[in-house]
Amino acid sequence: MAEGVTGEKIWLDGEWVDWQDGHVHLLTHTLHYGLGVFEGIRCYKAEDGRSAIFQLGPHVHRLFTSAHINLLEIPFSEEQVGQAIREVLPANHLDEGYIRPLVFIGSGSMGLNPADNPIRVAVMAWSWGAYLGDEGVQNGIRAKVSTFSRHHVNAKMTKGKTCGDYVNSILAKREALLDGYDEAIMLDTAGLVSEASGENIFLVKGERLYTPPLPTVLDGITRNAVIEIARDKGIEVAETPLTRDELYIADELFLTGTAAEVTPIREVDHRRIGSGTRGPITKLLQTAFFDIVAGRDAKYERWLSYL
């Protein structure tokens with residue numbers, strides 16, 4: 001686990017084990033070749049004191065569709081994995097936090113064919129604040145267009161949340177950080193805007209909201225929620241190809257994702273975006289999102305699974 005990430009219990013292959021006993025063998029196939037799938041899920045402490053998992057059903061379903069895309073047969077049902085996700089925060093004495101279900105190929109055969117190696121499942125949880133920092137959420141982050149391209153749709157299927165795909169994201173993220181930025185924005189192999197290293201991207205121009213279409217981007221759960229919120233508020237949303245220079249002349253830019261939530265971008269490639277701070281539409285959607293996850297908007301209560 002990363003430094004600072006710790007807990008008490010992990011759900012591993014249907015059993016609760018102590019955090020320090022959550023080990024795998026060094027010949028674990030996924031460790032060598034990267035074929036596995038995962039989800040990132042947030043649980044929030046709602047205004048009434050209850051814990052509420054955001055979009056539990058869609059996250060569990062996407063975990064299983066990611067596995068299906070990658071020919072991984074999960075040895076548990078969606079209901080069983082969903083129940084483990086519901087139990088992992090109480091098991092770690094957390095009332096809010098980040099939840100990580102992981103499906104991976106265990107040890108046995110080596111080589112590119114995993115043969116009959118067992119498909120293993122883990123569910124973990126830990127405390128995790130704003131992914132891009134509290135200041136970033138309030139005032140916006142600095143981003144750069146990466147020298148690394150996002151995966152071509154036929155080089156690696158983009159609808160699965162696949163472990164090995166994130167090497168691409170790690171390289172882009174590290175490049176951005178080494179160059180003094182907070183995040184990387186990645187283009188697809190046609191040179192059009194795709195997404196950030198771990199987030200979907202939105203552009204505001206005038207009174208309209210734009211976001212890249214699905215072919216080369218992950219079908220983000222927070223992305224879909226923000227599109228629905230925006231349309232409910234009368235904001236027109238277009239899923240359309242975007243060019244790099246359209247980012248530079250946008251009125252507002254922001255990122256969405258489970259970890260990043262709704263985070264504004266104030267600068268791209270040394271070019272100020274809009275006023276150089278969080279714009280009004282970004283603030284409107286950000287406020288609406290945080291009201292929803294805090295249980296303050298009954299209209300969207302269907303998105304919350306209370307523990």
# chains A, B, ... in the order shown; residues from 1 in each chain; ligands from 1
>>> residues_around(residues="range 171-187 of chain A", least_positions_apart="3", cutoff="9 Å", atoms="only C-alpha atoms", output="PyMOL selection string")
chain A and resi 132+136+141-150+166-168+190-198+201+243-244+268-269
>>> write_last_selection(atoms="C-alpha atoms", output="PDB file, in the first residue's frame")
ATOM      1  CA  LEU A 132      -6.130  17.233  -6.276  1.00  0.00           C
ATOM      2  CA  GLY A 136      -7.453  22.894  -6.192  1.00  0.00           C
ATOM      3  CA  ILE A 141      -5.423  23.473 -10.759  1.00  0.00           C
ATOM      4  CA  ARG A 142      -2.735  23.896 -13.406  1.00  0.00           C
ATOM      5  CA  ALA A 143      -2.660  21.313 -16.186  1.00  0.00           C
ATOM      6  CA  LYS A 144      -0.533  20.543 -19.215  1.00  0.00           C
ATOM      7  CA  VAL A 145      -1.292  18.672 -22.410  1.00  0.00           C
ATOM      8  CA  SER A 146       0.701  15.468 -22.120  1.00  0.00           C
ATOM      9  CA  THR A 147       3.223  14.174 -24.619  1.00  0.00           C
ATOM     10  CA  PHE A 148       1.622  10.757 -24.033  1.00  0.00           C
ATOM     11  CA  SER A 149      -1.475   9.858 -26.061  1.00  0.00           C
ATOM     12  CA  ARG A 150      -4.517   8.115 -24.643  1.00  0.00           C
ATOM     13  CA  TYR A 166      -3.003   3.013 -15.970  1.00  0.00           C
ATOM     14  CA  VAL A 167       0.699   2.786 -16.784  1.00  0.00           C
ATOM     15  CA  ASN A 168      -0.257   5.259 -19.516  1.00  0.00           C
ATOM     16  CA  ALA A 190      -6.191  11.522 -33.639  1.00  0.00           C
ATOM     17  CA  GLY A 191      -4.962  14.530 -31.661  1.00  0.00           C
ATOM     18  CA  LEU A 192      -8.329  15.352 -30.072  1.00  0.00           C
ATOM     19  CA  VAL A 193      -8.888  15.949 -26.369  1.00  0.00           C
ATOM     20  CA  SER A 194      -9.606  12.703 -24.538  1.00  0.00           C
ATOM     21  CA  GLU A 195      -9.382  12.952 -20.736  1.00  0.00           C
ATOM     22  CA  ALA A 196      -6.963  13.653 -17.911  1.00  0.00           C
ATOM     23  CA  SER A 197      -4.784  10.981 -16.334  1.00  0.00           C
ATOM     24  CA  GLY A 198      -7.652   9.787 -14.156  1.00  0.00           C
ATOM     25  CA  ILE A 201     -12.844  16.782 -18.706  1.00  0.00           C
ATOM     26  CA  THR A 243      -9.334  20.315 -30.007  1.00  0.00           C
ATOM     27  CA  ARG A 244      -6.414  21.326 -27.856  1.00  0.00           C
ATOM     28  CA  VAL A 268      -3.428  24.883 -19.303  1.00  0.00           C
ATOM     29  CA  ASP A 269       0.051  25.044 -20.852  1.00  0.00           C
TER      30      ASP A 269
END
>>> select_by_dssp(residues="range 132-213 of chain A", states="strand (DSSP E)", output="list in words")
Ile141, Arg142, Ala143, Lys144, Val145, Glu183, Ala184, Ile185, Met186, Leu187, Val193, Ser194, Glu195, Ala196, Asn200, Ile201, Phe202, Leu203, Val204, Lys205, Arg208, Leu209, Tyr210 and Thr211 of chain A
>>> residues_around(residues="Asp219 in chain A", least_positions_apart="2", cutoff="10 Å", atoms="only C-alpha atoms", output="mmCIF file with C-alpha atoms, in the first residue's frame")
data_model
loop_
_atom_site.group_PDB
_atom_site.id
_atom_site.type_symbol
_atom_site.label_atom_id
_atom_site.label_comp_id
_atom_site.auth_asym_id
_atom_site.auth_seq_id
_atom_site.Cartn_x
_atom_site.Cartn_y
_atom_site.Cartn_z
ATOM 1 C CA ARG A 62 -18.880 -1.367 -14.219
ATOM 2 C CA THR A 158 -11.336 1.882 -23.350
ATOM 3 C CA LYS A 159 -14.561 0.894 -21.584
ATOM 4 C CA GLY A 160 -12.859 -1.411 -19.114
ATOM 5 C CA LYS A 161 -11.211 0.050 -16.017
ATOM 6 C CA ASN A 200 -13.034 13.184 -17.477
ATOM 7 C CA PRO A 213 -17.618 11.748 -26.625
ATOM 8 C CA LEU A 214 -17.250 8.208 -25.324
ATOM 9 C CA PRO A 215 -15.170 6.386 -27.958
ATOM 10 C CA THR A 216 -11.780 7.195 -26.409
ATOM 11 C CA VAL A 217 -12.771 8.083 -22.842
ATOM 12 C CA ILE A 221 -19.845 7.661 -13.390
ATOM 13 C CA THR A 222 -19.248 11.164 -12.024
ATOM 14 C CA ARG A 223 -19.159 12.394 -15.653
ATOM 15 C CA ASN A 224 -22.640 10.986 -16.232
#
>>> closest_residue(among="A:Gly97, A:Gly34, A:Gly220, A:Pro90", to="Glu8 in chain A", atoms="only C-alpha atoms")
A:Pro90
>>> closest_residue(among="A:Lys9, A:Leu284, A:Leu72, A:Asp116", to="Leu89 in chain A", atoms="only C-alpha atoms")
A:Lys9
>>> closest_residue(among="A:Tyr131, A:Trp11, A:Pro118, A:Val226", to="Arg86 in chain A", atoms="only C-alpha atoms")
A:Trp11
>>> closest_residue(among="A:Thr282, A:Thr263, A:Thr258, A:Thr28", to="Ile235 in chain A", atoms="only C-alpha atoms")
A:Thr282
>>> closest_residue(among="A:Phe38, A:Phe64, A:Tyr33, A:Phe54", to="Ser107 in chain A", atoms="only C-alpha atoms")
A:Tyr33
>>> residues_around(residues="Asp18 in chain A", least_positions_apart="4", cutoff="12 Å", atoms="only C-alpha atoms", output="list in words")
Thr6, Gly7, Glu8, Lys9, Ile10, Trp11, Leu12, Gly22, His23, Val88, Ala91, Asn92 and Met124 of chain A
>>> residues_around(residues="Asn117 in chain A", least_positions_apart="2", cutoff="7 Å", atoms="only C-alpha atoms", output="tab-separated table (two decimals) with all heavy atoms, in the first residue's frame")
chain	number	residue	atom	x	y	z
A	105	ILE	N	-5.70	-11.65	-11.18
A	105	ILE	CA	-5.39	-13.04	-11.47
A	105	ILE	C	-4.31	-13.50	-10.51
A	105	ILE	O	-3.25	-12.88	-10.41
A	105	ILE	CB	-4.92	-13.22	-12.92
A	105	ILE	CG1	-5.98	-12.67	-13.90
A	105	ILE	CG2	-4.64	-14.69	-13.23
A	105	ILE	CD1	-5.52	-12.65	-15.34
A	106	GLY	N	-4.58	-14.59	-9.81
A	106	GLY	CA	-3.65	-15.08	-8.81
A	106	GLY	C	-2.47	-15.84	-9.39
A	106	GLY	O	-2.24	-15.88	-10.61
A	107	SER	N	-1.71	-16.47	-8.53
A	107	SER	CA	-0.50	-17.19	-8.93
A	107	SER	C	-0.84	-18.57	-9.48
A	107	SER	O	-1.94	-19.09	-9.29
A	107	SER	CB	0.46	-17.31	-7.75
A	107	SER	OG	-0.17	-17.99	-6.67
A	108	GLY	N	0.13	-19.16	-10.17
A	108	GLY	CA	-0.04	-20.46	-10.82
A	108	GLY	C	0.81	-20.47	-12.06
A	108	GLY	O	2.03	-20.40	-11.99
A	109	SER	N	0.18	-20.51	-13.22
A	109	SER	CA	0.91	-20.47	-14.48
A	109	SER	C	1.49	-19.08	-14.71
A	109	SER	O	0.92	-18.07	-14.29
A	109	SER	CB	-0.02	-20.82	-15.65
A	109	SER	OG	-0.51	-22.14	-15.52
A	114	PRO	N	-2.89	-16.85	-18.70
A	114	PRO	CA	-3.04	-17.14	-17.27
A	114	PRO	C	-3.65	-18.51	-16.99
A	114	PRO	O	-3.73	-18.92	-15.83
A	114	PRO	CB	-3.95	-16.02	-16.78
A	114	PRO	CG	-4.71	-15.60	-17.99
A	114	PRO	CD	-3.79	-15.79	-19.15
A	115	ALA	N	-4.08	-19.21	-18.03
A	115	ALA	CA	-4.60	-20.58	-17.90
A	115	ALA	C	-5.67	-20.66	-16.82
A	115	ALA	O	-6.65	-19.92	-16.86
A	115	ALA	CB	-3.45	-21.55	-17.66
A	119	ILE	N	-9.13	-16.41	-10.18
A	119	ILE	CA	-9.51	-15.00	-10.22
A	119	ILE	C	-9.85	-14.59	-8.80
A	119	ILE	O	-10.74	-15.16	-8.17
A	119	ILE	CB	-10.72	-14.77	-11.16
A	119	ILE	CG1	-10.42	-15.33	-12.56
A	119	ILE	CG2	-11.07	-13.28	-11.22
A	119	ILE	CD1	-9.20	-14.74	-13.22
